[in-house]
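Shown next: target_24.txt, containing compact mmCIF, N, CA and C atoms.
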# COMPACT_ATOMS: atom_id res chain seq x y z
N MET R 1 145.60 -158.29 62.94
CA MET R 1 144.33 -158.09 62.25
C MET R 1 143.30 -159.08 62.80
N THR R 2 142.08 -158.65 62.99
CA THR R 2 141.03 -159.49 63.55
C THR R 2 140.48 -160.44 62.50
N ASP R 3 140.31 -161.67 62.89
CA ASP R 3 139.72 -162.69 62.02
C ASP R 3 138.28 -162.30 61.69
N PRO R 4 137.92 -162.19 60.39
CA PRO R 4 136.55 -161.79 60.03
C PRO R 4 135.48 -162.72 60.60
N SER R 5 135.79 -164.00 60.68
CA SER R 5 134.79 -164.92 61.22
C SER R 5 134.58 -164.65 62.72
N PHE R 6 135.63 -164.23 63.42
CA PHE R 6 135.50 -163.86 64.82
C PHE R 6 134.59 -162.64 64.95
N SER R 7 134.77 -161.66 64.09
CA SER R 7 133.92 -160.46 64.10
C SER R 7 132.47 -160.82 63.83
N ASP R 8 132.24 -161.71 62.89
CA ASP R 8 130.87 -162.14 62.58
C ASP R 8 130.23 -162.84 63.78
N ARG R 9 131.00 -163.71 64.44
CA ARG R 9 130.47 -164.42 65.61
C ARG R 9 130.14 -163.45 66.74
N ARG R 10 131.01 -162.47 66.93
CA ARG R 10 130.75 -161.46 67.97
C ARG R 10 129.51 -160.66 67.64
N ALA R 11 129.34 -160.29 66.38
CA ALA R 11 128.16 -159.52 65.97
C ALA R 11 126.90 -160.31 66.24
N VAL R 12 126.92 -161.60 65.95
CA VAL R 12 125.76 -162.46 66.21
C VAL R 12 125.47 -162.51 67.71
N ALA R 13 126.52 -162.65 68.50
CA ALA R 13 126.34 -162.72 69.96
C ALA R 13 125.78 -161.41 70.51
N PHE R 14 126.32 -160.28 70.07
CA PHE R 14 125.82 -158.99 70.55
C PHE R 14 124.39 -158.74 70.10
N ARG R 15 124.06 -159.14 68.88
CA ARG R 15 122.69 -158.98 68.38
C ARG R 15 121.72 -159.81 69.22
N ALA R 16 122.10 -161.05 69.53
CA ALA R 16 121.25 -161.92 70.35
C ALA R 16 121.03 -161.32 71.73
N THR R 17 122.07 -160.74 72.30
CA THR R 17 121.95 -160.11 73.61
C THR R 17 121.00 -158.92 73.56
N ARG R 18 121.13 -158.08 72.53
CA ARG R 18 120.23 -156.93 72.40
C ARG R 18 118.78 -157.38 72.25
N GLU R 19 118.56 -158.43 71.46
CA GLU R 19 117.19 -158.94 71.28
C GLU R 19 116.64 -159.50 72.58
N ALA R 20 117.48 -160.19 73.35
CA ALA R 20 117.04 -160.73 74.65
C ALA R 20 116.68 -159.59 75.60
N HIS R 21 117.48 -158.54 75.62
CA HIS R 21 117.17 -157.39 76.48
C HIS R 21 115.85 -156.74 76.08
N ALA R 22 115.57 -156.72 74.80
CA ALA R 22 114.35 -156.07 74.31
C ALA R 22 113.10 -156.79 74.80
N THR R 23 113.16 -158.09 74.97
CA THR R 23 111.98 -158.86 75.38
C THR R 23 111.97 -159.21 76.86
N GLU R 24 113.08 -159.01 77.53
CA GLU R 24 113.24 -159.41 78.93
C GLU R 24 112.17 -158.83 79.85
N MET R 25 111.93 -157.53 79.76
CA MET R 25 110.97 -156.89 80.66
C MET R 25 109.56 -157.41 80.40
N ALA R 26 109.18 -157.54 79.14
CA ALA R 26 107.85 -158.04 78.82
C ALA R 26 107.67 -159.45 79.38
N GLU R 27 108.68 -160.29 79.21
CA GLU R 27 108.60 -161.66 79.73
C GLU R 27 108.46 -161.66 81.24
N ASP R 28 109.24 -160.85 81.93
CA ASP R 28 109.17 -160.80 83.39
C ASP R 28 107.78 -160.35 83.86
N TYR R 29 107.25 -159.33 83.22
CA TYR R 29 105.94 -158.81 83.62
C TYR R 29 104.82 -159.82 83.36
N VAL R 30 104.79 -160.43 82.18
CA VAL R 30 103.70 -161.38 81.92
C VAL R 30 103.82 -162.61 82.81
N GLU R 31 105.06 -163.03 83.08
CA GLU R 31 105.25 -164.17 83.99
C GLU R 31 104.72 -163.81 85.39
N LEU R 32 105.06 -162.63 85.88
CA LEU R 32 104.59 -162.19 87.18
C LEU R 32 103.07 -162.08 87.22
N ILE R 33 102.47 -161.48 86.20
CA ILE R 33 101.01 -161.35 86.16
C ILE R 33 100.36 -162.73 86.19
N GLY R 34 100.89 -163.66 85.43
CA GLY R 34 100.36 -165.03 85.46
C GLY R 34 100.49 -165.67 86.83
N ASP R 35 101.62 -165.45 87.48
CA ASP R 35 101.84 -166.00 88.83
C ASP R 35 100.87 -165.38 89.84
N LEU R 36 100.67 -164.07 89.76
CA LEU R 36 99.74 -163.40 90.67
C LEU R 36 98.32 -163.93 90.48
N ILE R 37 97.91 -164.11 89.25
CA ILE R 37 96.57 -164.63 88.97
C ILE R 37 96.45 -166.05 89.54
N ALA R 38 97.47 -166.87 89.32
CA ALA R 38 97.45 -168.25 89.82
C ALA R 38 97.43 -168.30 91.35
N ASP R 39 98.19 -167.42 91.98
CA ASP R 39 98.32 -167.43 93.44
C ASP R 39 97.18 -166.70 94.17
N HIS R 40 96.67 -165.62 93.56
CA HIS R 40 95.70 -164.76 94.27
C HIS R 40 94.39 -164.56 93.53
N GLY R 41 94.26 -165.15 92.35
CA GLY R 41 93.03 -165.01 91.58
C GLY R 41 92.94 -163.73 90.78
N GLU R 42 93.90 -162.84 90.97
CA GLU R 42 93.92 -161.59 90.22
C GLU R 42 95.32 -160.99 90.26
N ALA R 43 95.55 -160.07 89.33
CA ALA R 43 96.79 -159.32 89.30
C ALA R 43 96.42 -157.85 89.24
N ARG R 44 96.78 -157.12 90.28
CA ARG R 44 96.49 -155.68 90.33
C ARG R 44 97.78 -154.90 90.07
N LEU R 45 97.63 -153.73 89.53
CA LEU R 45 98.78 -152.89 89.22
C LEU R 45 99.65 -152.67 90.46
N THR R 46 99.02 -152.43 91.61
CA THR R 46 99.80 -152.19 92.83
C THR R 46 100.64 -153.40 93.19
N ASP R 47 100.09 -154.59 93.01
CA ASP R 47 100.84 -155.81 93.31
C ASP R 47 101.99 -156.01 92.32
N VAL R 48 101.72 -155.74 91.05
CA VAL R 48 102.76 -155.87 90.03
C VAL R 48 103.91 -154.92 90.35
N ALA R 49 103.59 -153.66 90.64
CA ALA R 49 104.62 -152.68 90.97
C ALA R 49 105.42 -153.12 92.19
N GLY R 50 104.74 -153.59 93.21
CA GLY R 50 105.42 -154.04 94.42
C GLY R 50 106.37 -155.20 94.18
N HIS R 51 105.90 -156.18 93.43
CA HIS R 51 106.74 -157.36 93.15
C HIS R 51 107.91 -157.02 92.22
N MET R 52 107.72 -156.05 91.35
CA MET R 52 108.79 -155.67 90.43
C MET R 52 109.74 -154.65 91.06
N GLY R 53 109.34 -154.08 92.20
CA GLY R 53 110.19 -153.11 92.87
C GLY R 53 110.26 -151.78 92.14
N VAL R 54 109.13 -151.41 91.52
CA VAL R 54 109.06 -150.14 90.79
C VAL R 54 107.85 -149.35 91.28
N THR R 55 107.77 -148.09 90.89
CA THR R 55 106.60 -147.29 91.25
C THR R 55 105.40 -147.70 90.41
N GLN R 56 104.21 -147.35 90.89
CA GLN R 56 103.01 -147.66 90.12
C GLN R 56 103.01 -146.98 88.75
N PRO R 57 103.43 -145.71 88.64
CA PRO R 57 103.47 -145.11 87.30
C PRO R 57 104.41 -145.85 86.34
N THR R 58 105.53 -146.32 86.86
CA THR R 58 106.47 -147.08 86.01
C THR R 58 105.81 -148.38 85.55
N ALA R 59 105.18 -149.10 86.48
CA ALA R 59 104.50 -150.34 86.13
C ALA R 59 103.37 -150.08 85.15
N ALA R 60 102.65 -148.97 85.33
CA ALA R 60 101.54 -148.62 84.44
C ALA R 60 102.04 -148.39 83.01
N LYS R 61 103.21 -147.77 82.86
CA LYS R 61 103.78 -147.55 81.53
C LYS R 61 104.12 -148.88 80.86
N VAL R 62 104.69 -149.79 81.62
CA VAL R 62 105.04 -151.10 81.06
C VAL R 62 103.76 -151.85 80.69
N ILE R 63 102.78 -151.82 81.57
CA ILE R 63 101.50 -152.51 81.30
C ILE R 63 100.85 -151.93 80.05
N ALA R 64 100.90 -150.62 79.88
CA ALA R 64 100.33 -149.99 78.68
C ALA R 64 101.03 -150.52 77.43
N ARG R 65 102.34 -150.67 77.51
CA ARG R 65 103.09 -151.23 76.37
C ARG R 65 102.70 -152.68 76.11
N LEU R 66 102.52 -153.45 77.19
CA LEU R 66 102.13 -154.85 77.04
C LEU R 66 100.74 -154.96 76.43
N LYS R 67 99.88 -154.01 76.75
CA LYS R 67 98.54 -153.99 76.14
C LYS R 67 98.64 -153.74 74.64
N THR R 68 99.49 -152.80 74.25
CA THR R 68 99.63 -152.51 72.81
C THR R 68 100.26 -153.69 72.07
N LEU R 69 101.05 -154.49 72.77
CA LEU R 69 101.65 -155.69 72.16
C LEU R 69 100.67 -156.86 72.15
N GLY R 70 99.51 -156.67 72.77
CA GLY R 70 98.51 -157.74 72.79
C GLY R 70 98.81 -158.85 73.78
N LEU R 71 99.55 -158.52 74.85
CA LEU R 71 99.91 -159.53 75.84
C LEU R 71 99.06 -159.46 77.11
N VAL R 72 98.55 -158.27 77.40
CA VAL R 72 97.79 -158.04 78.63
C VAL R 72 96.50 -157.31 78.28
N ASP R 73 95.47 -157.62 79.05
CA ASP R 73 94.19 -156.95 78.90
C ASP R 73 93.74 -156.50 80.28
N GLY R 74 92.94 -155.48 80.33
CA GLY R 74 92.40 -154.99 81.58
C GLY R 74 91.94 -153.57 81.42
N ARG R 75 91.06 -153.17 82.31
CA ARG R 75 90.56 -151.81 82.29
C ARG R 75 91.14 -151.03 83.46
N ARG R 76 91.10 -149.73 83.34
CA ARG R 76 91.63 -148.86 84.38
C ARG R 76 90.98 -149.19 85.73
N TYR R 77 91.79 -149.28 86.76
CA TYR R 77 91.36 -149.59 88.14
C TYR R 77 90.76 -150.99 88.28
N ARG R 78 91.07 -151.87 87.37
CA ARG R 78 90.58 -153.26 87.42
C ARG R 78 91.78 -154.20 87.38
N SER R 79 91.51 -155.47 87.60
CA SER R 79 92.57 -156.46 87.54
C SER R 79 93.11 -156.60 86.12
N LEU R 80 94.32 -157.11 86.04
CA LEU R 80 94.97 -157.36 84.76
C LEU R 80 94.81 -158.83 84.41
N PHE R 81 94.72 -159.10 83.13
CA PHE R 81 94.61 -160.46 82.64
C PHE R 81 95.56 -160.65 81.48
N LEU R 82 96.02 -161.87 81.29
CA LEU R 82 96.88 -162.18 80.16
C LEU R 82 96.02 -162.62 78.98
N THR R 83 96.40 -162.17 77.80
CA THR R 83 95.76 -162.67 76.59
C THR R 83 96.34 -164.07 76.33
N GLU R 84 95.83 -164.75 75.34
CA GLU R 84 96.39 -166.07 75.01
C GLU R 84 97.87 -165.95 74.65
N LYS R 85 98.20 -164.91 73.90
CA LYS R 85 99.60 -164.65 73.53
C LYS R 85 100.43 -164.39 74.79
N GLY R 86 99.89 -163.61 75.72
CA GLY R 86 100.58 -163.34 76.97
C GLY R 86 100.78 -164.58 77.81
N LYS R 87 99.73 -165.43 77.86
CA LYS R 87 99.83 -166.70 78.60
C LYS R 87 100.92 -167.59 78.02
N ALA R 88 101.00 -167.64 76.70
CA ALA R 88 102.01 -168.48 76.06
C ALA R 88 103.42 -168.00 76.41
N ILE R 89 103.62 -166.69 76.40
CA ILE R 89 104.94 -166.14 76.74
C ILE R 89 105.24 -166.39 78.22
N ALA R 90 104.25 -166.21 79.08
CA ALA R 90 104.45 -166.45 80.51
C ALA R 90 104.79 -167.92 80.78
N ASP R 91 104.09 -168.82 80.12
CA ASP R 91 104.35 -170.26 80.30
C ASP R 91 105.75 -170.62 79.83
N ARG R 92 106.14 -170.08 78.69
CA ARG R 92 107.48 -170.35 78.14
C ARG R 92 108.55 -169.81 79.08
N SER R 93 108.36 -168.59 79.56
CA SER R 93 109.32 -167.96 80.45
C SER R 93 109.43 -168.72 81.77
N ARG R 94 108.29 -169.13 82.30
CA ARG R 94 108.26 -169.89 83.56
C ARG R 94 109.00 -171.23 83.40
N ALA R 95 108.78 -171.90 82.28
CA ALA R 95 109.43 -173.19 82.03
C ALA R 95 110.95 -173.00 81.90
N ARG R 96 111.37 -171.98 81.19
CA ARG R 96 112.81 -171.69 81.05
C ARG R 96 113.42 -171.39 82.42
N HIS R 97 112.72 -170.60 83.21
CA HIS R 97 113.19 -170.25 84.54
C HIS R 97 113.39 -171.51 85.39
N LYS R 98 112.41 -172.40 85.35
CA LYS R 98 112.48 -173.63 86.15
C LYS R 98 113.67 -174.50 85.75
N ILE R 99 113.89 -174.64 84.45
CA ILE R 99 115.02 -175.45 83.98
C ILE R 99 116.33 -174.86 84.48
N VAL R 100 116.48 -173.56 84.37
CA VAL R 100 117.73 -172.91 84.80
C VAL R 100 117.90 -173.06 86.32
N VAL R 101 116.84 -172.83 87.08
CA VAL R 101 116.93 -172.98 88.54
C VAL R 101 117.29 -174.41 88.90
N ASP R 102 116.59 -175.36 88.31
CA ASP R 102 116.87 -176.77 88.62
C ASP R 102 118.30 -177.16 88.26
N PHE R 103 118.79 -176.66 87.14
CA PHE R 103 120.16 -176.96 86.74
C PHE R 103 121.16 -176.36 87.73
N LEU R 104 120.97 -175.10 88.08
CA LEU R 104 121.88 -174.47 89.04
C LEU R 104 121.83 -175.18 90.39
N ARG R 105 120.63 -175.56 90.81
CA ARG R 105 120.49 -176.30 92.08
C ARG R 105 121.23 -177.64 92.01
N SER R 106 121.19 -178.30 90.84
CA SER R 106 121.88 -179.59 90.69
C SER R 106 123.39 -179.44 90.79
N LEU R 107 123.88 -178.22 90.57
CA LEU R 107 125.32 -177.94 90.70
C LEU R 107 125.70 -177.55 92.12
N GLY R 108 124.68 -177.41 92.98
CA GLY R 108 124.95 -177.06 94.38
C GLY R 108 124.71 -175.60 94.71
N VAL R 109 124.16 -174.83 93.79
CA VAL R 109 123.86 -173.43 94.05
C VAL R 109 122.66 -173.35 95.00
N SER R 110 122.72 -172.45 95.97
CA SER R 110 121.62 -172.32 96.92
C SER R 110 120.34 -171.89 96.19
N ARG R 111 119.19 -172.20 96.79
CA ARG R 111 117.90 -171.86 96.17
C ARG R 111 117.80 -170.36 95.89
N ASP R 112 118.12 -169.52 96.88
CA ASP R 112 118.00 -168.08 96.71
C ASP R 112 118.88 -167.56 95.58
N THR R 113 120.13 -168.00 95.55
CA THR R 113 121.05 -167.56 94.50
C THR R 113 120.61 -168.08 93.14
N ALA R 114 120.16 -169.32 93.09
CA ALA R 114 119.69 -169.90 91.82
C ALA R 114 118.51 -169.12 91.27
N GLU R 115 117.59 -168.73 92.15
CA GLU R 115 116.42 -167.95 91.72
C GLU R 115 116.85 -166.59 91.17
N ILE R 116 117.77 -165.94 91.84
CA ILE R 116 118.25 -164.63 91.39
C ILE R 116 118.99 -164.75 90.06
N ASP R 117 119.91 -165.70 89.98
CA ASP R 117 120.69 -165.87 88.75
C ASP R 117 119.81 -166.29 87.57
N ALA R 118 118.81 -167.11 87.83
CA ALA R 118 117.93 -167.59 86.76
C ALA R 118 117.16 -166.44 86.13
N GLU R 119 116.88 -165.39 86.91
CA GLU R 119 116.14 -164.24 86.37
C GLU R 119 116.86 -163.62 85.18
N GLY R 120 118.15 -163.63 85.18
CA GLY R 120 118.89 -163.09 84.04
C GLY R 120 119.16 -164.13 82.98
N ILE R 121 119.57 -165.31 83.43
CA ILE R 121 119.97 -166.36 82.50
C ILE R 121 118.80 -166.81 81.62
N GLU R 122 117.63 -166.93 82.18
CA GLU R 122 116.48 -167.47 81.44
C GLU R 122 116.18 -166.69 80.18
N HIS R 123 116.51 -165.42 80.15
CA HIS R 123 116.22 -164.58 78.99
C HIS R 123 117.33 -164.64 77.94
N HIS R 124 118.51 -165.06 78.34
CA HIS R 124 119.67 -165.00 77.45
C HIS R 124 120.14 -166.36 76.99
N VAL R 125 119.71 -167.42 77.62
CA VAL R 125 120.16 -168.75 77.24
C VAL R 125 119.45 -169.17 75.95
N SER R 126 120.20 -169.76 75.05
CA SER R 126 119.62 -170.20 73.77
C SER R 126 118.75 -171.43 73.97
N ASP R 127 117.89 -171.68 73.02
CA ASP R 127 117.06 -172.90 73.07
C ASP R 127 117.95 -174.14 73.05
N GLU R 128 119.05 -174.08 72.30
CA GLU R 128 119.97 -175.22 72.23
C GLU R 128 120.58 -175.51 73.60
N THR R 129 121.09 -174.46 74.26
CA THR R 129 121.69 -174.64 75.58
C THR R 129 120.65 -175.08 76.59
N LEU R 130 119.46 -174.51 76.51
CA LEU R 130 118.38 -174.89 77.42
C LEU R 130 118.05 -176.38 77.28
N ALA R 131 118.02 -176.87 76.04
CA ALA R 131 117.75 -178.30 75.80
C ALA R 131 118.86 -179.17 76.41
N VAL R 132 120.10 -178.70 76.32
CA VAL R 132 121.22 -179.45 76.90
C VAL R 132 121.10 -179.46 78.43
N LEU R 133 120.75 -178.32 79.02
CA LEU R 133 120.56 -178.27 80.48
C LEU R 133 119.46 -179.23 80.91
N LYS R 134 118.36 -179.21 80.16
CA LYS R 134 117.23 -180.08 80.48
C LYS R 134 117.65 -181.55 80.35
N GLY R 135 118.41 -181.88 79.31
CA GLY R 135 118.90 -183.24 79.13
C GLY R 135 119.83 -183.67 80.25
N ALA R 136 120.70 -182.75 80.69
CA ALA R 136 121.61 -183.07 81.79
C ALA R 136 120.84 -183.33 83.08
N LEU R 137 119.78 -182.56 83.30
CA LEU R 137 118.95 -182.79 84.48
C LEU R 137 118.29 -184.15 84.42
N ALA R 138 117.77 -184.50 83.25
CA ALA R 138 117.08 -185.79 83.08
C ALA R 138 118.05 -186.95 83.29
N SER R 139 119.27 -186.83 82.78
CA SER R 139 120.23 -187.93 82.93
C SER R 139 120.71 -188.05 84.37
N ASN R 140 120.76 -186.94 85.11
CA ASN R 140 121.15 -186.99 86.52
C ASN R 140 120.08 -187.64 87.38
N ARG R 141 118.82 -187.50 86.96
CA ARG R 141 117.72 -188.08 87.73
C ARG R 141 117.51 -189.55 87.41
N GLY R 142 117.95 -189.93 86.21
CA GLY R 142 117.69 -191.29 85.73
C GLY R 142 118.70 -192.23 86.18

Could the structure of this file be written out as structure tokens, please?
Amino acid sequence: MTDPSFSDRRAVAFRATREAHATEMAEDYVELIGDLIADHGEARLTDVAGHMGVTQPTAAKVIARLKTLGLVDGRRYRSLFLTEKGKAIADRSRARHKIVVDFLRSLGVSRDTAEIDAEGIEHHVSDETLAVLKGALASNRG
């Protein structure tokens, strides 16, 4: 017979994973839009689609959803901009990504692999674990 507390812990873990998946795409898109604006002064739909490896219609659907969530602003055939809410999510996502990459690099993972792996980990790692990773990095540097 399965331990009820084990079942409860599994349910919490699966729920957390589903919630992370639900926000993952939005976080990736707003982070990318913020990066494009920082690097090129603007974020265009064609650039977003290219960087995400999707078609323009697919990117347009995601952008439309981000607009309804109040994360992105822009007019048809114009550059995209992040709202304050979108900027906050992009900044948070970028910071989480950096901590994960830096931690993986400190373990000897190559830059390319660390960047790829961080794309998934950054969305699923808890704030508690992220704080521990950040602390481990700080103690290794000190």

Checklist line | Pick from R:Val100, R:Asp47, R:Arg78, R:Ala26 nearest to Arg65 in chain R, counting only N, CA and C atoms | finding: R:Ala26

Item checked: Residues within 10 Å of Leu133 in chain R, only C-alpha atoms, excluding chain neighbours under 3 positions, as an NGL selection string -> :R and (99-100 or 102-104 or 127-130 or 136-139)

Next item on the list: Could you jot down the CA of Ser110 in chain R to CA of Ala95 in chain R separation for me, Å, one decimal place?
Entry: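 We find that CA of Ser110 in chain R and CA of Ala95 in chain R lie 19.3 Å from each other.
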
Counting only C-alpha atoms, what is within 12 Å of Gly120 in chain R, bar same-chain residues fewer than 5 positions away, as a PDB file with N, CA and C atoms, keeping the file's coordinate frame?
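New file out16.pdb:
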ATOM      1  N   THR R  17     122.070-160.740  72.300  1.00  0.00           N
ATOM      2  CA  THR R  17     121.950-160.110  73.610  1.00  0.00           C
ATOM      3  C   THR R  17     121.000-158.920  73.560  1.00  0.00           C
ATOM      4  N   ALA R  20     117.480-160.190  73.350  1.00  0.00           N
ATOM      5  CA  ALA R  20     117.040-160.730  74.650  1.00  0.00           C
ATOM      6  C   ALA R  20     116.680-159.590  75.600  1.00  0.00           C
ATOM      7  N   HIS R  21     117.480-158.540  75.620  1.00  0.00           N
ATOM      8  CA  HIS R  21     117.170-157.390  76.480  1.00  0.00           C
ATOM      9  C   HIS R  21     115.850-156.740  76.080  1.00  0.00           C
ATOM     10  N   THR R  23     113.160-158.090  74.970  1.00  0.00           N
ATOM     11  CA  THR R  23     111.980-158.860  75.380  1.00  0.00           C
ATOM     12  C   THR R  23     111.970-159.210  76.860  1.00  0.00           C
ATOM     13  N   GLU R  24     113.080-159.010  77.530  1.00  0.00           N
ATOM     14  CA  GLU R  24     113.240-159.410  78.930  1.00  0.00           C
ATOM     15  C   GLU R  24     112.170-158.830  79.850  1.00  0.00           C
ATOM     16  N   MET R  25     111.930-157.530  79.760  1.00  0.00           N
ATOM     17  CA  MET R  25     110.970-156.890  80.660  1.00  0.00           C
ATOM     18  C   MET R  25     109.560-157.410  80.400  1.00  0.00           C
ATOM     19  N   GLU R  27     108.680-160.290  79.210  1.00  0.00           N
ATOM     20  CA  GLU R  27     108.600-161.660  79.730  1.00  0.00           C
ATOM     21  C   GLU R  27     108.460-161.660  81.240  1.00  0.00           C
ATOM     22  N   ASP R  28     109.240-160.850  81.930  1.00  0.00           N
ATOM     23  CA  ASP R  28     109.170-160.800  83.390  1.00  0.00           C
ATOM     24  C   ASP R  28     107.780-160.350  83.860  1.00  0.00           C
ATOM     25  N   SER R  93     108.360-168.590  79.560  1.00  0.00           N
ATOM     26  CA  SER R  93     109.320-167.960  80.450  1.00  0.00           C
ATOM     27  C   SER R  93     109.430-168.720  81.770  1.00  0.00           C
ATOM     28  N   ARG R  96     111.370-171.980  81.190  1.00  0.00           N
ATOM     29  CA  ARG R  96     112.810-171.690  81.050  1.00  0.00           C
ATOM     30  C   ARG R  96     113.420-171.390  82.420  1.00  0.00           C
ATOM     31  N   HIS R  97     112.720-170.600  83.210  1.00  0.00           N
ATOM     32  CA  HIS R  97     113.190-170.250  84.540  1.00  0.00           C
ATOM     33  C   HIS R  97     113.390-171.510  85.390  1.00  0.00           C
ATOM     34  N   VAL R 100     116.480-173.560  84.370  1.00  0.00           N
ATOM     35  CA  VAL R 100     117.730-172.910  84.800  1.00  0.00           C
ATOM     36  C   VAL R 100     117.900-173.060  86.320  1.00  0.00           C
ATOM     37  N   VAL R 101     116.840-172.830  87.080  1.00  0.00           N
ATOM     38  CA  VAL R 101     116.930-172.980  88.540  1.00  0.00           C
ATOM     39  C   VAL R 101     117.290-174.410  88.900  1.00  0.00           C
ATOM     40  N   THR R 113     120.130-168.000  95.550  1.00  0.00           N
ATOM     41  CA  THR R 113     121.050-167.560  94.500  1.00  0.00           C
ATOM     42  C   THR R 113     120.610-168.080  93.140  1.00  0.00           C
ATOM     43  N   ALA R 114     120.160-169.320  93.090  1.00  0.00           N
ATOM     44  CA  ALA R 114     119.690-169.900  91.820  1.00  0.00           C
ATOM     45  C   ALA R 114     118.510-169.120  91.270  1.00  0.00           C
ATOM     46  N   GLU R 115     117.590-168.730  92.150  1.00  0.00           N
ATOM     47  CA  GLU R 115     116.420-167.950  91.720  1.00  0.00           C
ATOM     48  C   GLU R 115     116.850-166.590  91.170  1.00  0.00           C
ATOM     49  N   VAL R 125     119.710-167.420  77.620  1.00  0.00           N
ATOM     50  CA  VAL R 125     120.160-168.750  77.240  1.00  0.00           C
ATOM     51  C   VAL R 125     119.450-169.170  75.950  1.00  0.00           C
TER      52      VAL R 125
END

Next item on the list: Taking the DSSP assignment computed from this structure's backbone, write out as a ChimeraX atom specification all residues of range 13-115 of chain R that belong to strand (DSSP E).
Entry: /R:72-73,81-82

Go ahead and write the residues just picked, N, CA and C atoms, as a CSV table (one decimal), in the frame of the given file.
chain,number,residue,atom,x,y,z
R,72,VAL,N,98.6,-158.3,77.4
R,72,VAL,CA,97.8,-158.0,78.6
R,72,VAL,C,96.5,-157.3,78.3
R,73,ASP,N,95.5,-157.6,79.0
R,73,ASP,CA,94.2,-157.0,78.9
R,73,ASP,C,93.7,-156.5,80.3
R,81,PHE,N,94.7,-159.1,83.1
R,81,PHE,CA,94.6,-160.5,82.6
R,81,PHE,C,95.6,-160.6,81.5
R,82,LEU,N,96.0,-161.9,81.3
R,82,LEU,CA,96.9,-162.2,80.2
R,82,LEU,C,96.0,-162.6,79.0

Margin query: For Val30 in chain R, find every residue with an atom within 7 Å (counting all atoms listed in the file), except residues of its own chain fewer than 4 positions away, and show them as a list in words.
Written below: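 The neighbour list is Met25, Ala26, Gly34, Asp35, Leu71, Gly86, Lys87, Ile89, Ala90 and Asp91 of chain R.
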
Item checked: Local residues around (97.7, -157.8, 73.3), at most 8 Å away, using all atoms listed in the file, as a list in words -> Arg65, Leu66, Lys67, Thr68, Leu69, Gly70, Leu71, Val72, Asp73, Leu82, Thr83, Glu84, Lys85 and Gly86 of chain R

Produce a file of the selected residues containing N, CA and C atoms, as a PDB file, keeping the file's coordinate frame.
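again_27.pdb was written with the following content:
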ATOM      1  N   ARG R  65     102.340-150.670  77.510  1.00  0.00           N
ATOM      2  CA  ARG R  65     103.090-151.230  76.370  1.00  0.00           C
ATOM      3  C   ARG R  65     102.700-152.680  76.110  1.00  0.00           C
ATOM      4  N   LEU R  66     102.520-153.450  77.190  1.00  0.00           N
ATOM      5  CA  LEU R  66     102.130-154.850  77.040  1.00  0.00           C
ATOM      6  C   LEU R  66     100.740-154.960  76.430  1.00  0.00           C
ATOM      7  N   LYS R  67      99.880-154.010  76.750  1.00  0.00           N
ATOM      8  CA  LYS R  67      98.540-153.990  76.140  1.00  0.00           C
ATOM      9  C   LYS R  67      98.640-153.740  74.640  1.00  0.00           C
ATOM     10  N   THR R  68      99.490-152.800  74.250  1.00  0.00           N
ATOM     11  CA  THR R  68      99.630-152.510  72.810  1.00  0.00           C
ATOM     12  C   THR R  68     100.260-153.690  72.070  1.00  0.00           C
ATOM     13  N   LEU R  69     101.050-154.490  72.770  1.00  0.00           N
ATOM     14  CA  LEU R  69     101.650-155.690  72.160  1.00  0.00           C
ATOM     15  C   LEU R  69     100.670-156.860  72.150  1.00  0.00           C
ATOM     16  N   GLY R  70      99.510-156.670  72.770  1.00  0.00           N
ATOM     17  CA  GLY R  70      98.510-157.740  72.790  1.00  0.00           C
ATOM     18  C   GLY R  70      98.810-158.850  73.780  1.00  0.00           C
ATOM     19  N   LEU R  71      99.550-158.520  74.850  1.00  0.00           N
ATOM     20  CA  LEU R  71      99.910-159.530  75.840  1.00  0.00           C
ATOM     21  C   LEU R  71      99.060-159.460  77.110  1.00  0.00           C
ATOM     22  N   VAL R  72      98.550-158.270  77.400  1.00  0.00           N
ATOM     23  CA  VAL R  72      97.790-158.040  78.630  1.00  0.00           C
ATOM     24  C   VAL R  72      96.500-157.310  78.280  1.00  0.00           C
ATOM     25  N   ASP R  73      95.470-157.620  79.050  1.00  0.00           N
ATOM     26  CA  ASP R  73      94.190-156.950  78.900  1.00  0.00           C
ATOM     27  C   ASP R  73      93.740-156.500  80.280  1.00  0.00           C
ATOM     28  N   LEU R  82      96.020-161.870  81.290  1.00  0.00           N
ATOM     29  CA  LEU R  82      96.880-162.180  80.160  1.00  0.00           C
ATOM     30  C   LEU R  82      96.020-162.620  78.980  1.00  0.00           C
ATOM     31  N   THR R  83      96.400-162.170  77.800  1.00  0.00           N
ATOM     32  CA  THR R  83      95.760-162.670  76.590  1.00  0.00           C
ATOM     33  C   THR R  83      96.340-164.070  76.330  1.00  0.00           C
ATOM     34  N   GLU R  84      95.830-164.750  75.340  1.00  0.00           N
ATOM     35  CA  GLU R  84      96.390-166.070  75.010  1.00  0.00           C
ATOM     36  C   GLU R  84      97.870-165.950  74.650  1.00  0.00           C
ATOM     37  N   LYS R  85      98.200-164.910  73.900  1.00  0.00           N
ATOM     38  CA  LYS R  85      99.600-164.650  73.530  1.00  0.00           C
ATOM     39  C   LYS R  85     100.430-164.390  74.790  1.00  0.00           C
ATOM     40  N   GLY R  86      99.890-163.610  75.720  1.00  0.00           N
ATOM     41  CA  GLY R  86     100.580-163.340  76.970  1.00  0.00           C
ATOM     42  C   GLY R  86     100.780-164.580  77.810  1.00  0.00           C
TER      43      GLY R  86
END

Next item on the list: Could you tell me how far CA of Ala38 in chain R lies from CA of Ser79 in chain R, in Å and to one decimal?
Entry: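 Going from CA of Ala38 in chain R over to CA of Ser79 in chain R, I get 13.0 Å.
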
Check: Hey, what does DSSP flag as helix (DSSP H, G or I) within chain R? Can you give it to me as an NGL selection string?
Finding: :R and (4-40 or 45-52 or 56-68 or 84-106 or 111-124 or 127-141)

Note to self: To one decimal place in Å, what is the distance between CA of Ala59 in chain R and atom C of Ser126 in chain R?
What the structure shows: 28.2 Å

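Closest approach to Leu80 in chain R among R:Arg92, R:Arg44, R:Lys134, R:His123: R:Arg44, based on only N, CA and C atoms.
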